[in-house]
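Below is one structure, written out as structure tokens; comments come after it.
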Amino acid sequence: MRHPLRSILTVLGIAVAISAFGLIRTVIGAWYSGVEASAPNRLITRNAVSLGFTLPLAYRDAIRGIPGVADVTYAHWFGGIYIDEKHSQFPQFAVDATNFYDIYPEFRLPPEQKAAFKQQRNAMVVGRKLAERFNWKLGDTVQMRGMIFPGEWEFVIRGIYTGAEKSTDETQMHFHYQYLDERLRQTTPFQAGVVGWYVVKVQDPKRGAEVAEAIDRRFKNSLAETLTETERAFVLGFISMSETILVALRIISMVIIGVILLVLSNTMAMTARERLSEYAVLKTLGFGARHLIFLIVGESLLIAATGGLLGILITYPAADGFERAMGDAMGAIFPAFDVAPSTQLICALMAMIVGLAASLFPTWRAVQVRIVEGLRRVG
Amino acid sequence: MADPLIELVDVSKSYRRDTLEIPVLQNITMTVPEGEFLALMGPSGSGKTTLLNLIAGIDRPTGGILRVAGTELGGLSETELAQWRSRTIGFIFQFYNLLPVLTALENVELPLLLTPLSKHERREHAAVALELVGLADRVHHYPKQLSGGQEQRVAIARAIVTDPPLLVADEPTGDLDRTSAQEIMNLLGRLNAEYGKTIVMVTHDPRAAERARKVIHLDKGAFVQM
Ligand SMILES: Nc1ncnc2c1ncn2[C@@H]1O[C@H](COP(=O)(O)OP(=O)(O)OP(=O)(O)O)[C@@H](O)[C@H]1O
Ligand SMILES: [Mg+2]
């Protein structure tokens with residue numbers, strides 16, 4: 001190493017950039033993790049006006065009767081506050097305790113916990129990450145204040161589920177819809193008897209569109225018209241609201257790659273300029289273009305690979321730090337936030353491409369320079 | 001008499017700057033027999049380096065015929081010329097031109113990388129060459145840990161390690177003090193006398209030129225009789 005400081009700075013620059021690139025890819029990936037987690041055999045039926053509007057509970061049996069429907073469950077957004085606003089950023093659903101986990105097999109619950117949950121009216125099930133976050137144990141009592149549904153609510157933890165896939169959201173809270181509904185009938189009856197949306201399991205995923213159409217046709221011209229789509233489309237609909245941000249992030253990630261290309265190109269060009277006489281000497285001794293290319297590209301690749309590897313390694317603590325910095329909002333936005341192997345691969349690939357690209361000009365220069373010109377630069 | 005090692009017939013070299021043709025060497029004809037120790041002298045800009053570069057096959061003439069060590073250089077492609085150089089010519093420069101990242105031994109070993117020799121054989125050859133120039137005790141030093149005279153001796157070891165018939169030296173003592181210059185000239189004299197190397201050397205130093213068997217003066221791109 002002729003200029004250790006310059007090399008180290010270049011390597012660090014590449015490392016930081018690659019890790020930033022990796023982090024952004026991870027954020028984008030996390031955004032889409034919900035899409036990956038969505039099952040092909042599930043449809044979501046919601047109010048045609050918007051998600052903010054509810055559907056009558058009575059629709060359940062009607063939907064169940066439609067040909068192609070295997071099973072129906074439902075959920076209702078609770079929106080309670082635990083301790084304070086800041087601590088409450090996690091999904092809370094009142095669900096149909098009888099069959100919710102049959103339709104969502106990716107929420108894995110031990111059979112005895114499932115049974116315990118079904119038996120107790122104010123039981124709740126929470127995801128593993130959520131339980132860890134609040135240090136909740138089975139049997140704990142949790143107090144929440146309703147924001148949509150007024151009053152103090154008390155739940156007992158009877159189950160802690162784990163995700164079947166990495167992308168499964170482990171931050172949700174589920175409790176009996178019956179518990180909610182019964183109390184609403186007494187306190188605020190106008191809020192009772194409705195659900196947020198239905199989850200429909202179809203017999204044949206290939207006929208999903210057909211079944212969805214049949215459901216919406218069934219409730220056409222009724223008080224609450226429905227909109228049914230595949231779970232995937234439903235989740236994508238959420239994401240498309242933030243599509244612009246994702247596009248911006250993608251552009252930023254490419255700009256970062258462009259910047260490190262400039263940094264490394266500059267280093268390589270400086271190096272090559274200084275060494276022009278050395279290359280001329282090598283040529284004088286009979287070394288050909290092949291050898292020079294090997295030398296220069298090799299050095300560039302070595303710097304890029306070192307920086308890239310370092311960058312990939314610091315992506316992990318960086319992702320953890322990001323997760324901590326986001327704090328409690330994290331779980332709400334990104335159900336699964338992990339550096340994917342594919343992200344590492346892309347990072348490594350990017351580093352290699354940058355290493356190659358940065359050595360193009362110096363290599364060309366070294367190969368084409370005439371020996372006598374290169375030698376004249378000595379002294 | 002044997003064929004001359006170097007034969008130049010009507011060799012010219014000119015550079016073109018814009019539309020202007022600047023002649024540097026004009027119709028040079030000369031022969032150098034094998035075993036010669038030739039010194040090229042002349043004022044700055046007279047074309048000494050240019051002539052040396054032509055003979056060594058790192059530059060091409062604009063006109064004339066160049067035959068060195070039995071090969072007509074005009075007929076070779078760049079790649080062939082590079083191969084020819086590695087077999088035929090040993091280079092010694094004014095500023096030594098060693099690679100700073102390599103040790104003395106590795107610098108000397110460098111030209112052997114182009115030969116089919118094994119790693120072990122390369123090391124051995126390089127060590128022998130360094131021994132010959134009197135630097136057996138400096139093999140693992142880097143250029144910046146050596147004096148100018150020592151650096152030039154490493155460069156000479158690098159020039160002879162492939163055992164080429166012709167050594168070209170461009171002001172080999174130009175950057176050295178008197179004692180070191182003398183050592184270098186002794187070394188070149190030995191290489192010529194004992195090992196039969198043909199040497200073409202450009203120099204400004206009359207003391208160095210004295211050591212040569214023959215001195216040719218160049219002025220404005222042509223030979224002058226003294
Ligand atoms: N690439 C080039 N383009 C234009 N002119 C050149 C080029 N190379 C050399 N010359 C010219 O050719 C002439 C001879 O140069 P050369 O280097 O052979 O001189 P020299 O005798 O070795 O001088 P010195 O003793 O200073 O080393 C000079 O006038 C120089 O300006
Ligand atoms: Mg010169």
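Order determines the names: the first chain of the structure tokens is A, the second B, and so forth; residues in each chain are numbered 1 upward, and ligands are numbered 1 upward as they are shown.
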Within 8 Å of ligand 2, which residues of chain B show up? Give each one with its shortest atom-to-atom distance in Å (one decimal) and the two atoms involved, counting only C-alpha atoms and all ligand atoms, rows by chain then rising residue number, as a tab-separated table.
```
residue	atom	partner	partner_atom_place_in_ligand_line	distance
B:Ser44	CA	ligand 2	1 (Mg)	7.0
B:Gly45	CA	ligand 2	1 (Mg)	7.1
B:Gly47	CA	ligand 2	1 (Mg)	7.1
B:Lys48	CA	ligand 2	1 (Mg)	5.7
B:Thr49	CA	ligand 2	1 (Mg)	4.1
B:Thr50	CA	ligand 2	1 (Mg)	7.2
B:Asp170	CA	ligand 2	1 (Mg)	6.7
B:Glu171	CA	ligand 2	1 (Mg)	7.5
B:Val202	CA	ligand 2	1 (Mg)	7.5
```
From range 20-226 of chain B, collect each residue whose DSSP state is alpha helix (DSSP H) and return the set as an NGL selection string.
:B and (48-55 or 78-88 or 104-109 or 119-132 or 148-160 or 178-193 or 206-210)
Grab the residues selected above and save them as a compact mmCIF listing (two decimals), in the first residue's frame with C-alpha atoms.
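The result, written out as selection-v3.txt:
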```
# COMPACT_ATOMS: atom_id res chain seq x y z
CA LYS B 48 20.49 10.25 -27.46
CA THR B 49 17.58 8.86 -25.51
CA THR B 50 15.52 8.64 -28.66
CA LEU B 51 18.21 6.62 -30.41
CA LEU B 52 18.62 4.32 -27.41
CA ASN B 53 14.84 3.75 -27.25
CA LEU B 54 14.79 2.79 -30.93
CA ILE B 55 17.61 0.29 -30.47
CA GLU B 78 3.66 -4.77 -30.39
CA THR B 79 3.24 -8.10 -28.64
CA GLU B 80 6.10 -9.70 -30.55
CA LEU B 81 8.24 -6.67 -29.83
CA ALA B 82 7.47 -6.95 -26.10
CA GLN B 83 8.48 -10.61 -26.15
CA TRP B 84 11.59 -9.78 -28.09
CA ARG B 85 12.54 -7.10 -25.54
CA SER B 86 12.15 -9.45 -22.63
CA ARG B 87 14.55 -11.90 -24.24
CA THR B 88 17.06 -9.52 -25.78
CA ALA B 104 15.23 -5.90 -4.10
CA LEU B 105 14.85 -9.62 -4.68
CA GLU B 106 11.29 -9.26 -5.99
CA ASN B 107 12.29 -6.41 -8.28
CA VAL B 108 15.04 -8.54 -9.77
CA GLU B 109 12.68 -11.48 -10.04
CA LYS B 119 9.16 -19.91 -8.33
CA HIS B 120 12.16 -21.58 -6.78
CA GLU B 121 14.28 -21.17 -9.90
CA ARG B 122 13.27 -17.53 -10.20
CA ARG B 123 14.37 -16.87 -6.61
CA GLU B 124 17.65 -18.59 -7.27
CA HIS B 125 18.38 -16.66 -10.47
CA ALA B 126 17.49 -13.38 -8.79
CA ALA B 127 19.71 -14.15 -5.82
CA VAL B 128 22.63 -14.97 -8.13
CA ALA B 129 22.17 -11.70 -10.02
CA LEU B 130 22.07 -9.72 -6.77
CA GLU B 131 25.18 -11.52 -5.61
CA LEU B 132 26.91 -10.56 -8.84
CA GLY B 148 21.10 5.54 -4.99
CA GLY B 149 24.13 3.47 -5.95
CA GLN B 150 22.58 0.37 -4.40
CA GLU B 151 19.28 1.01 -6.17
CA GLN B 152 21.09 1.26 -9.48
CA ARG B 153 22.89 -2.00 -8.75
CA VAL B 154 19.53 -3.67 -8.08
CA ALA B 155 18.37 -2.26 -11.41
CA ILE B 156 21.43 -3.73 -13.10
CA ALA B 157 20.73 -7.09 -11.48
CA ARG B 158 17.19 -6.84 -12.86
CA ALA B 159 18.62 -6.04 -16.30
CA ILE B 160 20.92 -9.08 -16.39
CA ARG B 178 31.33 10.10 -7.88
CA THR B 179 32.09 7.03 -5.81
CA SER B 180 28.80 5.35 -6.59
CA ALA B 181 29.17 6.28 -10.25
CA GLN B 182 32.57 4.66 -10.27
CA GLU B 183 31.19 1.46 -8.75
CA ILE B 184 28.47 1.33 -11.37
CA MET B 185 30.97 1.85 -14.17
CA ASN B 186 33.18 -0.90 -12.72
CA LEU B 187 30.20 -3.18 -12.71
CA LEU B 188 29.26 -2.38 -16.31
CA GLY B 189 32.91 -2.83 -17.33
CA ARG B 190 32.91 -6.30 -15.75
CA LEU B 191 29.67 -7.26 -17.40
CA ASN B 192 31.17 -6.30 -20.72
CA ALA B 193 34.60 -7.84 -20.21
CA PRO B 206 33.24 12.09 -19.65
CA ARG B 207 34.65 9.94 -16.85
CA ALA B 208 31.96 7.36 -17.53
CA ALA B 209 32.50 7.59 -21.27
CA GLU B 210 36.17 6.86 -20.71
```
Spatial neighbours of Gln120 in chain A, 12 Å, only C-alpha atoms, chain gap at least 6 places, as a PyMOL selection string
chain A and resi 97-98+113-114+139+155-159+175-179
Could you pull out the residues sitting within 12 Å of ligand 1, using only C-alpha atoms and all ligand atoms, and write them as an NGL selection string?
(:A and (369-377 or 379)) or (:B and (12-18 or 20-26 or 40-54 or 59-60 or 93-94 or 169-172 or 174 or 201-205 or 217-222))
Using 12 Å as the limit and counting only C-alpha atoms, can you tabulate each residue of range 61-141 of chain A that touches range 24-37 of chain A, with its shortest atom-to-atom distance in Å and the two atoms involved, as a tab-separated table?
```
residue	atom	partner	partner_atom	distance
A:Tyr104	CA	A:Ala37	CA	10.8
A:Pro105	CA	A:Ala37	CA	11.5
A:Glu106	CA	A:Ala37	CA	8.7
A:Phe107	CA	A:Ala37	CA	11.1
```
Restricted to C-alpha atoms, what would the selected residues look like written as a PDB file, in the first residue's frame?
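Result file is part_12.pdb:
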```pdb
ATOM      1  CA  TYR A 104     -54.244 -17.711   9.846  1.00  0.00           C
ATOM      2  CA  PRO A 105     -52.037 -20.800  10.326  1.00  0.00           C
ATOM      3  CA  GLU A 106     -48.918 -18.606  10.146  1.00  0.00           C
ATOM      4  CA  PHE A 107     -49.735 -17.392  13.657  1.00  0.00           C
TER       5      PHE A 107
END
```
Find the residue from B:Ala39, B:Pro111, B:Ala69, B:Leu5 that sits nearest to chain A; use only C-alpha atoms when measuring.
B:Pro111
With distances taken over only C-alpha atoms, the candidate from B:Gln225, B:Thr198, B:Thr162, B:Thr62 nearest chain A is B:Thr162
For chain A, report every residue with an atom at most 10 Å from chain B (counting only C-alpha atoms), formatted as a list in words.
Met1, Arg2, Arg275, Ser277, Glu278, Tyr279, Ala280, Val281, Leu282, Lys283, Thr284, Leu285, Gly286, Phe287, Gly288, Ala289, Arg370, Ile371, Val372, Glu373, Leu375, Val378 and Gly379 of chain A
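What separates CA of Met147 in chain A from CA of Gln119 in chain A is a distance of 26.4 Å.
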Which residues of range 147-235 of chain A come within 9 Å of range 67-87 of chain A, and for each one, what is the closest pair of atoms and their distance in Å to one decimal, counting only C-alpha atoms, sorted by chain and residue number, as a Markdown table?
```
| residue | atom | partner | partner_atom | distance |
| --- | --- | --- | --- | --- |
| A:Met147 | CA | A:Gly80 | CA | 5.4 |
| A:Ile148 | CA | A:Gly79 | CA | 6.3 |
| A:Phe149 | CA | A:Phe78 | CA | 7.5 |
| A:Trp153 | CA | A:Gly80 | CA | 8.6 |
| A:His174 | CA | A:Ala75 | CA | 8.9 |
| A:Tyr177 | CA | A:His76 | CA | 7.5 |
| A:Leu180 | CA | A:Phe78 | CA | 8.8 |
| A:Val194 | CA | A:His76 | CA | 8.1 |
| A:Val195 | CA | A:His76 | CA | 5.0 |
| A:Gly196 | CA | A:His76 | CA | 4.3 |
| A:Trp197 | CA | A:Tyr74 | CA | 5.7 |
| A:Tyr198 | CA | A:Tyr74 | CA | 4.2 |
| A:Val199 | CA | A:Thr73 | CA | 5.2 |
| A:Val200 | CA | A:Val72 | CA | 4.6 |
| A:Lys201 | CA | A:Asp71 | CA | 5.1 |
| A:Val202 | CA | A:Val69 | CA | 4.6 |
| A:Gln203 | CA | A:Ala70 | CA | 5.1 |
| A:Asp204 | CA | A:Gly68 | CA | 7.1 |
| A:Arg207 | CA | A:Gly68 | CA | 7.7 |
| A:Gly208 | CA | A:Gly68 | CA | 8.3 |
| A:Glu210 | CA | A:Gly68 | CA | 8.7 |
| A:Val211 | CA | A:Gly68 | CA | 6.2 |
| A:Ala214 | CA | A:Pro67 | CA | 8.4 |
```
Name the residues of range 61-295 of chain A that fall into strand (DSSP E or B) according to DSSP on the backbone, using the chain letters and numbers of this document, as a ChimeraX atom specification.
/A:69-77,80-81,92-95,107-108,123-127,141-146,152-163,173-176,194-195,197-202,226-230
Pro40 in chain A environment, 9 Å, only C-alpha atoms, sequence neighbours closer than 4 positions dropped, as number ranges by chain
A: 205-206, 208, 230-232
Store the residues of this selection in a file with N, CA, C and O atoms, as a CSV table (one decimal), in the first residue's frame.
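again-v9.csv, written as the output of this step:
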```csv
chain,number,residue,atom,x,y,z
A,205,PRO,N,-57.5,-21.4,-4.7
A,205,PRO,CA,-57.0,-20.1,-4.9
A,205,PRO,C,-57.1,-19.6,-6.3
A,205,PRO,O,-57.2,-18.4,-6.6
A,206,LYS,N,-57.1,-20.5,-7.3
A,206,LYS,CA,-57.2,-20.1,-8.7
A,206,LYS,C,-58.6,-19.4,-9.0
A,206,LYS,O,-58.7,-18.6,-9.9
A,208,GLY,N,-60.1,-17.5,-6.9
A,208,GLY,CA,-60.2,-16.4,-5.9
A,208,GLY,C,-61.0,-15.2,-6.5
A,208,GLY,O,-61.9,-14.6,-5.9
A,230,THR,N,-57.9,-10.0,-3.2
A,230,THR,CA,-57.0,-10.9,-2.5
A,230,THR,C,-56.3,-10.2,-1.4
A,230,THR,O,-56.1,-9.0,-1.5
A,231,GLU,N,-55.8,-11.0,-0.5
A,231,GLU,CA,-55.0,-10.4,0.6
A,231,GLU,C,-53.8,-9.6,0.1
A,231,GLU,O,-53.5,-8.6,0.5
A,232,ARG,N,-53.2,-10.2,-1.0
A,232,ARG,CA,-52.1,-9.6,-1.6
A,232,ARG,C,-52.4,-8.2,-2.1
A,232,ARG,O,-51.7,-7.2,-1.8
```
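The interatomic distance for the pair CA of Glu225 in chain A and CA of Gly65 in chain A works out to 17.2 Å.
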Residues at most 12 Å from Met254 in chain A, counting only C-alpha atoms, excluding those fewer than 2 positions away in the same chain, as a compact mmCIF listing (two decimals) with N, CA, C and O atoms, in the first residue's frame?
```txt
# COMPACT_ATOMS: atom_id res chain seq x y z
N ALA A 17 -21.10 3.48 2.41
CA ALA A 17 -22.07 3.58 1.33
C ALA A 17 -22.80 2.26 1.11
O ALA A 17 -24.02 2.22 0.95
N ILE A 18 -22.04 1.17 1.10
CA ILE A 18 -22.65 -0.14 0.88
C ILE A 18 -23.63 -0.45 2.00
O ILE A 18 -24.72 -0.99 1.79
N ALA A 20 -25.23 1.76 3.85
CA ALA A 20 -26.41 2.61 3.67
C ALA A 20 -27.31 2.03 2.59
O ALA A 20 -28.54 1.97 2.74
N PHE A 21 -26.68 1.56 1.52
CA PHE A 21 -27.44 0.93 0.43
C PHE A 21 -28.21 -0.28 0.96
O PHE A 21 -29.40 -0.45 0.72
N GLY A 22 -27.48 -1.10 1.74
CA GLY A 22 -28.11 -2.30 2.31
C GLY A 22 -29.26 -1.96 3.24
O GLY A 22 -30.31 -2.61 3.22
N ILE A 24 -31.16 0.74 3.17
CA ILE A 24 -32.31 1.21 2.39
C ILE A 24 -33.03 0.04 1.74
O ILE A 24 -34.25 -0.05 1.75
N ARG A 25 -32.25 -0.90 1.19
CA ARG A 25 -32.87 -2.09 0.59
C ARG A 25 -33.67 -2.85 1.65
O ARG A 25 -34.72 -3.39 1.37
N VAL A 247 -40.19 4.88 -4.08
CA VAL A 247 -39.47 5.25 -5.29
C VAL A 247 -38.30 6.17 -4.94
O VAL A 247 -37.17 5.98 -5.41
N ALA A 248 -38.56 7.14 -4.06
CA ALA A 248 -37.50 8.05 -3.64
C ALA A 248 -36.35 7.27 -3.00
O ALA A 248 -35.18 7.51 -3.30
N LEU A 249 -36.70 6.31 -2.16
CA LEU A 249 -35.67 5.51 -1.49
C LEU A 249 -34.82 4.74 -2.51
O LEU A 249 -33.61 4.67 -2.40
N ARG A 250 -35.53 4.18 -3.49
CA ARG A 250 -34.80 3.44 -4.53
C ARG A 250 -33.81 4.35 -5.24
O ARG A 250 -32.67 3.98 -5.51
N ILE A 251 -34.29 5.55 -5.57
CA ILE A 251 -33.41 6.49 -6.28
C ILE A 251 -32.22 6.83 -5.40
O ILE A 251 -31.07 6.81 -5.85
N ILE A 252 -32.48 7.11 -4.11
CA ILE A 252 -31.38 7.43 -3.20
C ILE A 252 -30.37 6.30 -3.16
O ILE A 252 -29.16 6.52 -3.20
N ILE A 256 -26.41 6.61 -4.04
CA ILE A 256 -25.31 6.21 -3.15
C ILE A 256 -24.28 5.38 -3.92
O ILE A 256 -23.08 5.60 -3.81
N ILE A 257 -24.79 4.44 -4.70
CA ILE A 257 -23.88 3.62 -5.49
C ILE A 257 -23.08 4.49 -6.46
O ILE A 257 -21.88 4.31 -6.64
N GLY A 258 -23.77 5.47 -7.05
CA GLY A 258 -23.08 6.39 -7.96
C GLY A 258 -21.97 7.15 -7.25
O GLY A 258 -20.88 7.32 -7.79
N VAL A 259 -22.25 7.57 -6.01
CA VAL A 259 -21.26 8.34 -5.27
C VAL A 259 -20.03 7.49 -4.98
O VAL A 259 -18.89 7.94 -5.18
N ILE A 260 -20.24 6.25 -4.53
CA ILE A 260 -19.03 5.46 -4.23
C ILE A 260 -18.28 5.13 -5.51
O ILE A 260 -17.07 5.00 -5.50
N LEU A 261 -19.00 5.03 -6.60
CA LEU A 261 -18.31 4.81 -7.88
C LEU A 261 -17.36 5.98 -8.14
O LEU A 261 -16.21 5.80 -8.55
N ILE A 346 -26.95 -8.50 -3.19
CA ILE A 346 -26.98 -7.32 -4.04
C ILE A 346 -25.88 -6.34 -3.64
O ILE A 346 -25.21 -5.76 -4.49
N CYS A 347 -25.66 -6.19 -2.32
CA CYS A 347 -24.59 -5.31 -1.83
C CYS A 347 -23.23 -5.79 -2.37
O CYS A 347 -22.44 -5.00 -2.89
N MET A 350 -23.02 -5.09 -6.03
CA MET A 350 -22.82 -3.67 -6.29
C MET A 350 -21.36 -3.29 -6.07
O MET A 350 -20.76 -2.56 -6.85
N VAL A 354 -18.92 -1.78 -8.88
CA VAL A 354 -18.23 -0.51 -8.67
C VAL A 354 -16.72 -0.70 -8.83
O VAL A 354 -16.04 0.09 -9.49
```
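Between CA of Pro116 in chain B and CA of Thr103 in chain B lies a distance of 21.6 Å.
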